[in-house]
Structures are given as C-alpha cells and as structure tokens.
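Undergrad: Data: query.txt, compact mmCIF, N, CA and C atoms and all ligand atoms.
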# COMPACT_ATOMS: atom_id res chain seq x y z
N MET A 1 57.02 -70.05 -36.46
CA MET A 1 56.02 -69.57 -35.50
C MET A 1 55.76 -70.64 -34.44
N GLN A 2 55.72 -70.25 -33.21
CA GLN A 2 55.47 -71.22 -32.15
C GLN A 2 54.01 -71.60 -32.08
N ASN A 3 53.77 -72.85 -31.80
CA ASN A 3 52.41 -73.38 -31.71
C ASN A 3 52.04 -73.60 -30.25
N GLY A 4 52.72 -72.91 -29.34
CA GLY A 4 52.41 -73.01 -27.93
C GLY A 4 53.49 -73.69 -27.13
N ILE A 5 53.34 -73.56 -25.81
CA ILE A 5 54.31 -74.14 -24.89
C ILE A 5 53.70 -75.37 -24.24
N LEU A 6 54.48 -76.42 -24.15
CA LEU A 6 54.06 -77.64 -23.50
C LEU A 6 54.95 -77.83 -22.27
N ARG A 7 54.33 -77.82 -21.09
CA ARG A 7 55.09 -78.01 -19.85
C ARG A 7 55.24 -79.51 -19.61
N LEU A 8 56.47 -79.97 -19.55
CA LEU A 8 56.72 -81.41 -19.37
C LEU A 8 57.68 -81.67 -18.22
N ARG A 9 57.31 -82.64 -17.37
CA ARG A 9 58.32 -83.12 -16.43
C ARG A 9 59.28 -83.98 -17.25
N PRO A 10 60.55 -84.06 -16.84
CA PRO A 10 61.57 -84.63 -17.74
C PRO A 10 61.25 -86.00 -18.32
N HIS A 11 60.73 -86.94 -17.52
CA HIS A 11 60.57 -88.27 -18.11
C HIS A 11 59.45 -88.31 -19.15
N HIS A 12 58.58 -87.30 -19.15
CA HIS A 12 57.53 -87.28 -20.17
C HIS A 12 58.07 -86.93 -21.57
N MET A 13 59.31 -86.40 -21.64
CA MET A 13 59.95 -86.24 -22.96
C MET A 13 60.05 -87.60 -23.63
N ILE A 14 60.23 -88.63 -22.80
CA ILE A 14 60.44 -89.98 -23.32
C ILE A 14 59.10 -90.69 -23.53
N CYS A 15 58.20 -90.55 -22.55
CA CYS A 15 56.87 -91.19 -22.68
C CYS A 15 56.22 -90.77 -23.99
N LEU A 16 56.30 -89.48 -24.30
CA LEU A 16 55.60 -88.98 -25.48
C LEU A 16 56.19 -89.52 -26.78
N GLN A 17 57.45 -89.89 -26.76
CA GLN A 17 58.05 -90.47 -27.97
C GLN A 17 57.62 -91.92 -28.19
N HIS A 18 56.98 -92.51 -27.16
CA HIS A 18 56.53 -93.90 -27.27
C HIS A 18 55.02 -94.01 -27.16
N TYR A 19 54.35 -92.88 -27.18
CA TYR A 19 52.88 -92.93 -27.02
C TYR A 19 52.25 -93.56 -28.27
N ALA A 20 51.38 -94.55 -28.02
CA ALA A 20 50.74 -95.24 -29.15
C ALA A 20 49.26 -95.48 -28.87
N GLY A 21 48.62 -94.50 -28.22
CA GLY A 21 47.17 -94.58 -28.04
C GLY A 21 46.71 -95.25 -26.77
N ARG A 22 47.66 -95.68 -25.93
CA ARG A 22 47.26 -96.34 -24.69
C ARG A 22 47.55 -95.44 -23.50
N GLY A 23 46.68 -95.54 -22.47
CA GLY A 23 46.89 -94.70 -21.30
C GLY A 23 46.19 -95.29 -20.09
N TYR A 24 46.14 -94.50 -19.03
CA TYR A 24 45.57 -95.01 -17.77
C TYR A 24 44.06 -95.14 -17.84
N ASP A 25 43.41 -94.28 -18.62
CA ASP A 25 41.96 -94.42 -18.87
C ASP A 25 41.63 -93.66 -20.16
N ASP A 26 40.36 -93.69 -20.56
CA ASP A 26 39.99 -93.09 -21.85
C ASP A 26 40.24 -91.59 -21.89
N ALA A 27 39.93 -90.91 -20.79
CA ALA A 27 40.11 -89.44 -20.76
C ALA A 27 41.59 -89.10 -20.89
N PHE A 28 42.42 -89.88 -20.22
CA PHE A 28 43.86 -89.63 -20.29
C PHE A 28 44.37 -89.89 -21.71
N ALA A 29 43.92 -91.01 -22.31
CA ALA A 29 44.37 -91.32 -23.67
C ALA A 29 43.92 -90.25 -24.66
N ALA A 30 42.67 -89.74 -24.49
CA ALA A 30 42.19 -88.67 -25.38
C ALA A 30 43.06 -87.42 -25.23
N HIS A 31 43.42 -87.11 -23.98
CA HIS A 31 44.28 -85.96 -23.71
C HIS A 31 45.65 -86.16 -24.36
N MET A 32 46.19 -87.36 -24.24
CA MET A 32 47.48 -87.67 -24.86
C MET A 32 47.39 -87.60 -26.38
N ASP A 33 46.26 -88.06 -26.94
CA ASP A 33 46.07 -87.93 -28.39
C ASP A 33 46.22 -86.47 -28.81
N GLY A 34 45.59 -85.58 -28.03
CA GLY A 34 45.65 -84.15 -28.34
C GLY A 34 47.08 -83.62 -28.28
N ILE A 35 47.82 -84.03 -27.27
CA ILE A 35 49.21 -83.58 -27.15
C ILE A 35 50.03 -84.13 -28.33
N ALA A 36 49.80 -85.40 -28.67
CA ALA A 36 50.54 -86.00 -29.78
C ALA A 36 50.24 -85.26 -31.08
N ARG A 37 48.98 -84.86 -31.25
CA ARG A 37 48.62 -84.09 -32.46
C ARG A 37 49.36 -82.76 -32.49
N ARG A 38 49.40 -82.07 -31.33
CA ARG A 38 50.10 -80.78 -31.26
C ARG A 38 51.58 -80.97 -31.61
N LEU A 39 52.18 -82.01 -31.07
CA LEU A 39 53.61 -82.24 -31.35
C LEU A 39 53.82 -82.56 -32.82
N GLY A 40 52.90 -83.33 -33.39
CA GLY A 40 53.01 -83.69 -34.80
C GLY A 40 52.87 -82.49 -35.72
N ALA A 41 52.10 -81.50 -35.28
CA ALA A 41 51.88 -80.30 -36.10
C ALA A 41 53.12 -79.40 -36.11
N GLY A 42 54.00 -79.59 -35.11
CA GLY A 42 55.24 -78.81 -35.07
C GLY A 42 55.06 -77.46 -34.39
N GLY A 43 56.19 -76.80 -34.15
CA GLY A 43 56.17 -75.47 -33.57
C GLY A 43 55.92 -75.44 -32.07
N ILE A 44 56.07 -76.59 -31.42
CA ILE A 44 55.84 -76.64 -29.96
C ILE A 44 57.15 -76.37 -29.23
N LEU A 45 57.06 -75.53 -28.22
CA LEU A 45 58.20 -75.28 -27.34
C LEU A 45 57.95 -76.03 -26.04
N VAL A 46 58.89 -76.88 -25.67
CA VAL A 46 58.78 -77.64 -24.43
C VAL A 46 59.48 -76.88 -23.31
N GLU A 47 58.79 -76.77 -22.18
CA GLU A 47 59.43 -76.20 -20.98
C GLU A 47 59.51 -77.29 -19.93
N LEU A 48 60.72 -77.60 -19.50
CA LEU A 48 60.88 -78.66 -18.49
C LEU A 48 60.46 -78.14 -17.13
N THR A 49 59.62 -78.93 -16.48
CA THR A 49 59.03 -78.47 -15.24
C THR A 49 59.18 -79.51 -14.14
N ASP A 50 59.15 -79.04 -12.92
CA ASP A 50 59.27 -79.88 -11.74
C ASP A 50 57.85 -80.22 -11.28
N GLY A 51 57.54 -81.46 -11.07
CA GLY A 51 56.21 -81.81 -10.58
C GLY A 51 55.21 -81.99 -11.70
N ASP A 52 53.92 -81.87 -11.35
CA ASP A 52 52.89 -82.20 -12.35
C ASP A 52 52.93 -81.23 -13.52
N ASP A 53 52.57 -81.76 -14.70
CA ASP A 53 52.75 -81.01 -15.94
C ASP A 53 51.51 -81.11 -16.82
N ASP A 54 51.65 -80.78 -18.10
CA ASP A 54 50.49 -80.79 -19.01
C ASP A 54 50.06 -82.22 -19.36
N VAL A 55 50.91 -83.20 -19.17
CA VAL A 55 50.49 -84.60 -19.36
C VAL A 55 49.70 -85.06 -18.14
N CYS A 56 50.21 -84.78 -16.96
CA CYS A 56 49.56 -85.20 -15.71
C CYS A 56 48.16 -84.60 -15.56
N ALA A 57 47.91 -83.48 -16.24
CA ALA A 57 46.66 -82.72 -16.02
C ALA A 57 45.41 -83.57 -16.09
N LYS A 58 45.40 -84.60 -16.93
CA LYS A 58 44.20 -85.44 -17.06
C LYS A 58 44.45 -86.87 -16.56
N CYS A 59 45.46 -87.04 -15.74
CA CYS A 59 45.80 -88.40 -15.29
C CYS A 59 45.02 -88.75 -14.02
N PRO A 60 44.43 -89.93 -13.98
CA PRO A 60 43.71 -90.34 -12.77
C PRO A 60 44.63 -90.58 -11.58
N ASN A 61 45.93 -90.66 -11.85
CA ASN A 61 46.89 -90.88 -10.76
C ASN A 61 47.35 -89.58 -10.10
N LEU A 62 46.86 -88.45 -10.61
CA LEU A 62 47.23 -87.17 -10.01
C LEU A 62 46.18 -86.82 -8.95
N VAL A 63 46.61 -86.79 -7.72
CA VAL A 63 45.68 -86.53 -6.61
C VAL A 63 46.26 -85.41 -5.75
N GLY A 64 45.52 -84.32 -5.67
CA GLY A 64 45.98 -83.20 -4.86
C GLY A 64 47.31 -82.64 -5.35
N GLY A 65 47.52 -82.67 -6.65
CA GLY A 65 48.75 -82.11 -7.22
C GLY A 65 49.96 -83.03 -7.12
N LEU A 66 49.73 -84.24 -6.59
CA LEU A 66 50.84 -85.19 -6.49
C LEU A 66 50.49 -86.48 -7.21
N CYS A 67 51.51 -87.08 -7.82
CA CYS A 67 51.33 -88.38 -8.48
C CYS A 67 51.26 -89.47 -7.41
N LEU A 68 50.41 -90.45 -7.64
CA LEU A 68 50.33 -91.56 -6.69
C LEU A 68 51.65 -92.35 -6.66
N SER A 69 52.45 -92.19 -7.72
CA SER A 69 53.78 -92.83 -7.77
C SER A 69 54.87 -91.76 -7.69
N GLN A 70 54.66 -90.78 -6.84
CA GLN A 70 55.53 -89.60 -6.82
C GLN A 70 57.02 -89.93 -6.70
N GLU A 71 57.36 -90.82 -5.77
CA GLU A 71 58.79 -91.09 -5.55
C GLU A 71 59.42 -91.73 -6.79
N LYS A 72 58.66 -92.63 -7.40
CA LYS A 72 59.20 -93.29 -8.60
C LYS A 72 59.36 -92.29 -9.75
N VAL A 73 58.33 -91.47 -10.00
CA VAL A 73 58.44 -90.55 -11.14
C VAL A 73 59.50 -89.48 -10.88
N ASP A 74 59.70 -89.12 -9.61
CA ASP A 74 60.80 -88.20 -9.30
C ASP A 74 62.15 -88.83 -9.66
N ARG A 75 62.27 -90.13 -9.40
CA ARG A 75 63.54 -90.81 -9.76
C ARG A 75 63.72 -90.81 -11.27
N LEU A 76 62.64 -91.12 -12.01
CA LEU A 76 62.76 -91.13 -13.47
C LEU A 76 63.14 -89.74 -13.98
N ASP A 77 62.49 -88.71 -13.43
CA ASP A 77 62.81 -87.34 -13.86
C ASP A 77 64.28 -87.01 -13.60
N ALA A 78 64.75 -87.34 -12.40
CA ALA A 78 66.14 -87.01 -12.04
C ALA A 78 67.12 -87.73 -12.96
N ARG A 79 66.82 -89.00 -13.28
CA ARG A 79 67.74 -89.75 -14.14
C ARG A 79 67.77 -89.18 -15.56
N TRP A 80 66.60 -88.78 -16.09
CA TRP A 80 66.60 -88.22 -17.45
C TRP A 80 67.29 -86.87 -17.48
N LEU A 81 67.15 -86.08 -16.41
CA LEU A 81 67.87 -84.80 -16.37
C LEU A 81 69.37 -85.06 -16.38
N GLU A 82 69.81 -85.97 -15.54
CA GLU A 82 71.24 -86.24 -15.46
C GLU A 82 71.78 -86.76 -16.79
N ALA A 83 71.05 -87.69 -17.40
CA ALA A 83 71.54 -88.29 -18.65
C ALA A 83 71.55 -87.30 -19.81
N SER A 84 70.57 -86.40 -19.82
CA SER A 84 70.44 -85.49 -20.98
C SER A 84 71.24 -84.20 -20.81
N GLY A 85 71.60 -83.88 -19.56
CA GLY A 85 72.27 -82.60 -19.31
C GLY A 85 71.31 -81.42 -19.31
N LEU A 86 70.02 -81.70 -19.40
CA LEU A 86 69.02 -80.63 -19.37
C LEU A 86 68.70 -80.26 -17.92
N ARG A 87 68.05 -79.11 -17.76
CA ARG A 87 67.71 -78.61 -16.42
C ARG A 87 66.25 -78.21 -16.37
N ILE A 88 65.66 -78.26 -15.17
CA ILE A 88 64.30 -77.73 -14.99
C ILE A 88 64.30 -76.26 -15.40
N GLY A 89 63.30 -75.87 -16.17
CA GLY A 89 63.21 -74.49 -16.64
C GLY A 89 63.73 -74.32 -18.06
N ASP A 90 64.50 -75.31 -18.54
CA ASP A 90 64.99 -75.22 -19.93
C ASP A 90 63.80 -75.20 -20.88
N ARG A 91 63.93 -74.42 -21.93
CA ARG A 91 62.93 -74.40 -23.01
C ARG A 91 63.60 -74.81 -24.30
N LEU A 92 63.02 -75.77 -24.98
CA LEU A 92 63.58 -76.23 -26.26
C LEU A 92 62.46 -76.77 -27.13
N SER A 93 62.70 -76.75 -28.42
CA SER A 93 61.68 -77.24 -29.34
C SER A 93 61.52 -78.75 -29.16
N TRP A 94 60.38 -79.27 -29.58
CA TRP A 94 60.16 -80.72 -29.50
C TRP A 94 61.20 -81.45 -30.35
N GLU A 95 61.56 -80.87 -31.49
CA GLU A 95 62.55 -81.49 -32.36
C GLU A 95 63.90 -81.59 -31.63
N GLU A 96 64.21 -80.55 -30.86
CA GLU A 96 65.46 -80.56 -30.10
C GLU A 96 65.40 -81.60 -28.98
N VAL A 97 64.24 -81.75 -28.35
CA VAL A 97 64.06 -82.80 -27.34
C VAL A 97 64.40 -84.16 -27.95
N CYS A 98 63.85 -84.41 -29.13
CA CYS A 98 64.08 -85.70 -29.79
C CYS A 98 65.56 -85.86 -30.16
N ARG A 99 66.17 -84.77 -30.59
CA ARG A 99 67.59 -84.84 -31.01
C ARG A 99 68.48 -85.14 -29.79
N VAL A 100 68.21 -84.47 -28.68
CA VAL A 100 69.04 -84.65 -27.47
C VAL A 100 68.87 -86.05 -26.89
N THR A 101 67.65 -86.58 -26.93
CA THR A 101 67.40 -87.87 -26.27
C THR A 101 67.68 -89.07 -27.19
N ALA A 102 67.79 -88.84 -28.49
CA ALA A 102 67.98 -89.97 -29.41
C ALA A 102 69.19 -90.84 -29.08
N PRO A 103 70.38 -90.25 -28.83
CA PRO A 103 71.53 -91.11 -28.53
C PRO A 103 71.36 -91.86 -27.20
N LEU A 104 70.60 -91.30 -26.28
CA LEU A 104 70.38 -91.97 -24.99
C LEU A 104 69.45 -93.17 -25.19
N LEU A 105 68.41 -92.96 -25.99
CA LEU A 105 67.45 -94.03 -26.24
C LEU A 105 68.05 -95.12 -27.12
N ALA A 106 69.13 -94.78 -27.82
CA ALA A 106 69.76 -95.78 -28.69
C ALA A 106 70.50 -96.84 -27.89
N SER A 107 70.68 -96.58 -26.60
CA SER A 107 71.33 -97.58 -25.74
C SER A 107 70.27 -98.33 -24.94
N PRO A 108 69.98 -99.58 -25.31
CA PRO A 108 68.97 -100.34 -24.56
C PRO A 108 69.32 -100.46 -23.08
N ALA A 109 70.62 -100.57 -22.76
CA ALA A 109 71.01 -100.73 -21.35
C ALA A 109 70.72 -99.46 -20.56
N LEU A 110 71.03 -98.31 -21.18
CA LEU A 110 70.77 -97.04 -20.49
C LEU A 110 69.27 -96.82 -20.33
N PHE A 111 68.53 -97.12 -21.39
CA PHE A 111 67.06 -96.96 -21.35
C PHE A 111 66.49 -97.80 -20.20
N ARG A 112 66.96 -99.03 -20.09
CA ARG A 112 66.47 -99.91 -19.02
C ARG A 112 66.88 -99.38 -17.65
N ARG A 113 68.12 -98.89 -17.56
CA ARG A 113 68.59 -98.40 -16.26
C ARG A 113 67.75 -97.21 -15.78
N ILE A 114 67.34 -96.36 -16.72
CA ILE A 114 66.59 -95.17 -16.33
C ILE A 114 65.12 -95.48 -16.13
N CYS A 115 64.53 -96.21 -17.06
CA CYS A 115 63.07 -96.38 -17.07
C CYS A 115 62.59 -97.77 -16.67
N GLY A 116 63.53 -98.67 -16.36
CA GLY A 116 63.16 -100.06 -16.14
C GLY A 116 62.11 -100.30 -15.09
N GLU A 117 61.99 -99.41 -14.11
CA GLU A 117 61.02 -99.65 -13.04
C GLU A 117 59.62 -99.13 -13.39
N CYS A 118 59.46 -98.51 -14.56
CA CYS A 118 58.15 -97.98 -14.97
C CYS A 118 57.26 -99.13 -15.47
N VAL A 119 55.96 -99.05 -15.15
CA VAL A 119 55.04 -100.11 -15.59
C VAL A 119 54.92 -100.18 -17.11
N TRP A 120 55.25 -99.10 -17.80
CA TRP A 120 55.13 -99.06 -19.26
C TRP A 120 56.42 -99.49 -19.95
N PHE A 121 57.47 -99.78 -19.17
CA PHE A 121 58.78 -99.96 -19.81
C PHE A 121 58.81 -101.05 -20.88
N SER A 122 58.22 -102.21 -20.60
CA SER A 122 58.33 -103.30 -21.58
C SER A 122 57.61 -102.92 -22.87
N PHE A 123 56.50 -102.18 -22.74
CA PHE A 123 55.77 -101.70 -23.92
C PHE A 123 56.67 -100.75 -24.74
N CYS A 124 57.29 -99.78 -24.08
CA CYS A 124 58.14 -98.81 -24.79
C CYS A 124 59.36 -99.49 -25.40
N ALA A 125 59.96 -100.42 -24.65
CA ALA A 125 61.15 -101.12 -25.14
C ALA A 125 60.81 -101.94 -26.39
N ARG A 126 59.61 -102.53 -26.38
CA ARG A 126 59.19 -103.32 -27.55
C ARG A 126 59.03 -102.41 -28.77
N LEU A 127 58.39 -101.27 -28.57
CA LEU A 127 58.23 -100.30 -29.67
C LEU A 127 59.59 -99.88 -30.23
N ARG A 128 60.51 -99.64 -29.29
CA ARG A 128 61.84 -99.17 -29.70
C ARG A 128 62.58 -100.25 -30.49
N ARG A 129 62.48 -101.49 -30.04
CA ARG A 129 63.14 -102.58 -30.77
C ARG A 129 62.54 -102.71 -32.18
N ALA A 130 61.22 -102.56 -32.27
CA ALA A 130 60.55 -102.67 -33.58
C ALA A 130 61.03 -101.54 -34.50
N ALA A 131 61.20 -100.33 -33.93
CA ALA A 131 61.64 -99.19 -34.75
C ALA A 131 63.06 -99.43 -35.27
N VAL A 132 63.91 -99.97 -34.39
CA VAL A 132 65.30 -100.24 -34.80
C VAL A 132 65.32 -101.29 -35.90
N ARG A 133 64.48 -102.35 -35.75
CA ARG A 133 64.40 -103.40 -36.79
C ARG A 133 63.97 -102.80 -38.12
N GLN A 134 62.95 -101.92 -38.04
CA GLN A 134 62.43 -101.29 -39.26
C GLN A 134 63.52 -100.48 -39.95
N GLU A 135 64.29 -99.71 -39.12
CA GLU A 135 65.36 -98.89 -39.70
C GLU A 135 66.39 -99.77 -40.38
N SER A 136 66.79 -100.88 -39.73
CA SER A 136 67.83 -101.71 -40.34
C SER A 136 67.29 -102.45 -41.57
N ASP A 137 66.00 -102.82 -41.58
CA ASP A 137 65.41 -103.42 -42.77
C ASP A 137 65.44 -102.42 -43.93
N GLY A 138 65.18 -101.14 -43.60
CA GLY A 138 65.17 -100.09 -44.62
C GLY A 138 66.56 -99.88 -45.22
N GLU A 139 67.59 -100.08 -44.39
CA GLU A 139 68.96 -99.88 -44.88
C GLU A 139 69.47 -101.06 -45.71
N ALA A 140 68.84 -102.23 -45.49
CA ALA A 140 69.34 -103.45 -46.16
C ALA A 140 69.03 -103.43 -47.65
S1 LIG A 201 51.38 -91.44 -13.61
FE1 LIG A 201 52.05 -89.65 -12.42
S2 LIG A 201 53.73 -88.72 -13.64
FE2 LIG A 201 52.59 -90.11 -15.01
S3 LIG A 201 51.05 -88.81 -16.03
FE3 LIG A 201 50.08 -89.69 -14.19
S4 LIG A 201 50.35 -88.16 -12.56
FE4 LIG A 201 51.81 -87.68 -14.21
Can you give me the file's structure in the form of structure tokens?
TA:
Amino acid sequence: MQNGILRLRPHHMICLQHYAGRGYDDAFAAHMDGIARRLGAGGILVELTDGDDDVCAKCPNLVGGLCLSQEKVDRLDARWLEASGLRIGDRLSWEEVCRVTAPLLASPALFRRICGECVWFSFCARLRRAAVRQESDGEA
C-alpha cells in the first residue's frame, strides 16, 4: 500500500539519504524530520519534479517559488539526472531511489564531481565515509 507521493527535485534524492537532523533553520529541520519519518515508514512513491518540491516547501531559501541558489541547484539536479538515467516525471519507490543511486554514491570521485559545490557536501561526504567504515568493520 502506498503511503503517499513525495515530490522531489533530483538532487534531493541524495540530500535525504544524508539527512541527520540539521537544516537551514528549525522549521526546515522539523519539516525534514517529518519527511524522514515518512520515508522510514515505507510505502512512499517519489515523483521527480522540476523546480521547487516538497523539501523546498519549508525552506527559508525559497523566495517567490525560486531557490536563492537556483542556478547551483539546477546544476546539481541536471547532474543527478544524467548520472542516474532518471527523468523528470519518473515515479519510483524510495527503496528504488536508494537502489539506483547506491552505485553512484559508492564512488567518492563521482559524488564530489556532482555535489562538490554544495555547502553541505563535506558533511554528507563525512557521513558517507563513516558508513563505509562501519560496513567494512562489520565484515571484518
Ligand atoms: S536550498 Fe533551494 S533547493 Fe535546497 S531545499 Fe532550499 S529552496 Fe530547495
């Protein structure tokens, strides 16, 4: 059973996999907490969208329907679409989003090439390195 549709601009497929309670302000973080809970509960269908989405809805950087960093986030969106082979309008489960993006995120060089200009990149890259360390410790 579906637990609702989440409209996401492409690079937010990646942001949400690295969300750890931090955001642009308290209202935004609370909104992200809610989205993270919905994703954790399962049954979410993601619809890839052009422009502002369900994450942007509570962002202080969204002004008049445009992101204050519009050109940069458009570049991130375009790069994630190209790398993933997904298209605007595609609908897929959150689990499928994670499955499709996992091999891309497994390449630190590719991750940096796509997201390196984002202010959150070093935070996300650190989380990712910690997850990889944890996985290899578990295998040892
Ligand atoms: S910074 Fe821009 S793209 Fe990111 S959530 Fe805010 S409005 Fe959306």
Undergrad: Do you have the CA of His18 in chain A-CA of Ile114 in chain A distance handy?
TA: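 Value for the CA of His18 in chain A-CA of Ile114 in chain A distance: 14.9 Å.
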Undergrad: I'd like the contact shell of range 104-112 of chain A - 8 Å cut-off, all atoms listed in the file, skipping same-chain residues fewer than 3 positions apart - returned as a VMD selection string.
TA: chain A and resid 83 to 84 99 to 101 115 to 117 121 125 128
Undergrad: Quick one, how far is CA of Tyr19 in chain A from atom N of Gly34 in chain A?
TA: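 Distance between the two atoms: 10.4 Å.
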Undergrad: Please compute the atom N of Phe28 in chain A-atom N of Lys58 in chain A distance, one decimal, in Å.
TA: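 Here the two named atoms are 6.9 Å from each other.
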Undergrad: Go through chain A residue by residue and, counting only C-alpha atoms and all ligand atoms, keep those with an atom at most 8 Å from ligand LIG 201 (chain A); for each kept residue give the shortest atom pair and its distance in Å to one decimal, ordered by chain and increasing number, as JSON lines.
TA:
{"residue": "A:Arg9", "atom": "CA", "partner": "A:LIG201", "partner_atom": "S2", "distance": 7.8}
{"residue": "A:His12", "atom": "CA", "partner": "A:LIG201", "partner_atom": "FE2", "distance": 7.7}
{"residue": "A:Tyr24", "atom": "CA", "partner": "A:LIG201", "partner_atom": "FE3", "distance": 7.8}
{"residue": "A:Gly51", "atom": "CA", "partner": "A:LIG201", "partner_atom": "S2", "distance": 8.0}
{"residue": "A:Asp52", "atom": "CA", "partner": "A:LIG201", "partner_atom": "FE4", "distance": 5.9}
{"residue": "A:Asp53", "atom": "CA", "partner": "A:LIG201", "partner_atom": "FE4", "distance": 7.0}
{"residue": "A:Val55", "atom": "CA", "partner": "A:LIG201", "partner_atom": "S3", "distance": 5.4}
{"residue": "A:Cys56", "atom": "CA", "partner": "A:LIG201", "partner_atom": "FE4", "distance": 3.7}
{"residue": "A:Ala57", "atom": "CA", "partner": "A:LIG201", "partner_atom": "FE4", "distance": 7.4}
{"residue": "A:Lys58", "atom": "CA", "partner": "A:LIG201", "partner_atom": "S3", "distance": 7.7}
{"residue": "A:Cys59", "atom": "CA", "partner": "A:LIG201", "partner_atom": "FE3", "distance": 4.6}
{"residue": "A:Pro60", "atom": "CA", "partner": "A:LIG201", "partner_atom": "FE3", "distance": 6.6}
{"residue": "A:Asn61", "atom": "CA", "partner": "A:LIG201", "partner_atom": "S4", "distance": 4.8}
{"residue": "A:Leu62", "atom": "CA", "partner": "A:LIG201", "partner_atom": "S4", "distance": 4.1}
{"residue": "A:Val63", "atom": "CA", "partner": "A:LIG201", "partner_atom": "S4", "distance": 7.7}
{"residue": "A:Leu66", "atom": "CA", "partner": "A:LIG201", "partner_atom": "S4", "distance": 6.8}
{"residue": "A:Cys67", "atom": "CA", "partner": "A:LIG201", "partner_atom": "FE1", "distance": 4.2}
{"residue": "A:Leu68", "atom": "CA", "partner": "A:LIG201", "partner_atom": "FE1", "distance": 6.3}
{"residue": "A:Ser69", "atom": "CA", "partner": "A:LIG201", "partner_atom": "FE1", "distance": 5.9}
{"residue": "A:Gln70", "atom": "CA", "partner": "A:LIG201", "partner_atom": "FE1", "distance": 6.6}
{"residue": "A:Val73", "atom": "CA", "partner": "A:LIG201", "partner_atom": "S2", "distance": 5.6}
Undergrad: Go through A:Met32, A:Ala27, A:Val46, A:Val132 one by one, measure the shortest atom-to-atom distance of each to Ala102 in chain A using only C-alpha atoms, and give the residue with the smallest value.
TA: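 Comparing A:Met32, A:Ala27, A:Val46, A:Val132 against Ala102 in chain A, the winner is A:Val132.
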Undergrad: Could you give me, as a PyMOL selection string, each residue of range 26-57 of chain A that DSSP assigns to strand (DSSP E) when run on this structure's backbone?
TA: chain A and resi 45-48
Undergrad: Of the candidates A:Ala20, A:Ala36, A:Ile88, A:Cys15, which shows the shortest atom-to-atom distance to Leu48 in chain A, using only N, CA and C atoms?
TA: A:Ile88
Undergrad: Name the residues of chain A that come out as helix (DSSP H, G or I) in a backbone DSSP run; write them as a PyMOL selection string.
TA: chain A and resi 12-18+26-41+56-58+70-84+94-105+108-115+121-139
Undergrad: Quick one: everything within 6.5 Å of Gly4 in chain A, counting only N, CA and C atoms, minus sequence neighbours fewer than 5 positions away in the same chain. Send it as a compact mmCIF listing (two decimals) with N, CA and C atoms, keeping the file's coordinate frame.
TA:
# COMPACT_ATOMS: atom_id res chain seq x y z
N GLY A 43 56.19 -76.80 -34.15
CA GLY A 43 56.17 -75.47 -33.57
C GLY A 43 55.92 -75.44 -32.07
N ILE A 44 56.07 -76.59 -31.42
CA ILE A 44 55.84 -76.64 -29.96
C ILE A 44 57.15 -76.37 -29.23
N LEU A 45 57.06 -75.53 -28.22
CA LEU A 45 58.20 -75.28 -27.34
C LEU A 45 57.95 -76.03 -26.04
N VAL A 46 58.89 -76.88 -25.67
CA VAL A 46 58.78 -77.64 -24.43
C VAL A 46 59.48 -76.88 -23.31
Undergrad: Choose the residue, out of A:Arg91, A:His31, A:His11, A:Arg37, that has the smallest atom-to-atom separation from Asp77 in chain A; count only C-alpha atoms.
TA: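 Closest candidate: A:His11.
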Undergrad: So, counting all atoms listed in the file, which residue among A:Ser136, A:Gly23, A:Gly42, A:Ile14 is closest to Glu95 in chain A?
TA: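 When distances to Glu95 in chain A are compared using all atoms listed in the file, the smallest one comes from A:Gly42.
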Undergrad: Which residues come within 7 Å of Met13 in chain A, counting only C-alpha atoms, excluding same-chain residues fewer than 4 positions away, as a PyMOL selection string?
TA: chain A and resi 8+17+97
Undergrad: Convert the current residue selection to file output with N, CA and C atoms, as a PDB file, in the frame of the given file.
TA:
ATOM      1  N   LEU A   8      56.470 -79.970 -19.550  1.00  0.00           N
ATOM      2  CA  LEU A   8      56.720 -81.410 -19.370  1.00  0.00           C
ATOM      3  C   LEU A   8      57.680 -81.670 -18.220  1.00  0.00           C
ATOM      4  N   GLN A  17      57.450 -89.890 -26.760  1.00  0.00           N
ATOM      5  CA  GLN A  17      58.050 -90.470 -27.970  1.00  0.00           C
ATOM      6  C   GLN A  17      57.620 -91.920 -28.190  1.00  0.00           C
ATOM      7  N   VAL A  97      64.240 -81.750 -28.350  1.00  0.00           N
ATOM      8  CA  VAL A  97      64.060 -82.800 -27.340  1.00  0.00           C
ATOM      9  C   VAL A  97      64.400 -84.160 -27.950  1.00  0.00           C
TER      10      VAL A  97
END
Undergrad: Is it possible to add N, CA, C and O atoms to range 56-63 of chain A and hand it back as a PDB file, in the frame of the given file?
TA:
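Heads up, here's the output in result_22.pdb:
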ATOM      1  N   CYS A  56      50.210 -84.780 -16.960  1.00  0.00           N
ATOM      2  CA  CYS A  56      49.560 -85.200 -15.710  1.00  0.00           C
ATOM      3  C   CYS A  56      48.160 -84.600 -15.560  1.00  0.00           C
ATOM      4  O   CYS A  56      47.323 -85.159 -14.831  1.00  0.00           O
ATOM      5  N   ALA A  57      47.910 -83.480 -16.240  1.00  0.00           N
ATOM      6  CA  ALA A  57      46.660 -82.720 -16.020  1.00  0.00           C
ATOM      7  C   ALA A  57      45.410 -83.570 -16.090  1.00  0.00           C
ATOM      8  O   ALA A  57      44.444 -83.312 -15.376  1.00  0.00           O
ATOM      9  N   LYS A  58      45.400 -84.600 -16.930  1.00  0.00           N
ATOM     10  CA  LYS A  58      44.200 -85.440 -17.060  1.00  0.00           C
ATOM     11  C   LYS A  58      44.450 -86.870 -16.560  1.00  0.00           C
ATOM     12  O   LYS A  58      43.745 -87.799 -16.953  1.00  0.00           O
ATOM     13  N   CYS A  59      45.460 -87.040 -15.740  1.00  0.00           N
ATOM     14  CA  CYS A  59      45.800 -88.400 -15.290  1.00  0.00           C
ATOM     15  C   CYS A  59      45.020 -88.750 -14.020  1.00  0.00           C
ATOM     16  O   CYS A  59      45.010 -87.953 -13.069  1.00  0.00           O
ATOM     17  N   PRO A  60      44.430 -89.930 -13.980  1.00  0.00           N
ATOM     18  CA  PRO A  60      43.710 -90.340 -12.770  1.00  0.00           C
ATOM     19  C   PRO A  60      44.630 -90.580 -11.580  1.00  0.00           C
ATOM     20  O   PRO A  60      44.155 -90.678 -10.450  1.00  0.00           O
ATOM     21  N   ASN A  61      45.930 -90.660 -11.850  1.00  0.00           N
ATOM     22  CA  ASN A  61      46.890 -90.880 -10.760  1.00  0.00           C
ATOM     23  C   ASN A  61      47.350 -89.580 -10.100  1.00  0.00           C
ATOM     24  O   ASN A  61      48.148 -89.622  -9.160  1.00  0.00           O
ATOM     25  N   LEU A  62      46.860 -88.450 -10.610  1.00  0.00           N
ATOM     26  CA  LEU A  62      47.230 -87.170 -10.010  1.00  0.00           C
ATOM     27  C   LEU A  62      46.180 -86.820  -8.950  1.00  0.00           C
ATOM     28  O   LEU A  62      45.020 -86.583  -9.260  1.00  0.00           O
ATOM     29  N   VAL A  63      46.610 -86.790  -7.720  1.00  0.00           N
ATOM     30  CA  VAL A  63      45.680 -86.530  -6.610  1.00  0.00           C
ATOM     31  C   VAL A  63      46.260 -85.410  -5.750  1.00  0.00           C
ATOM     32  O   VAL A  63      47.358 -85.552  -5.198  1.00  0.00           O
TER      33      VAL A  63
END
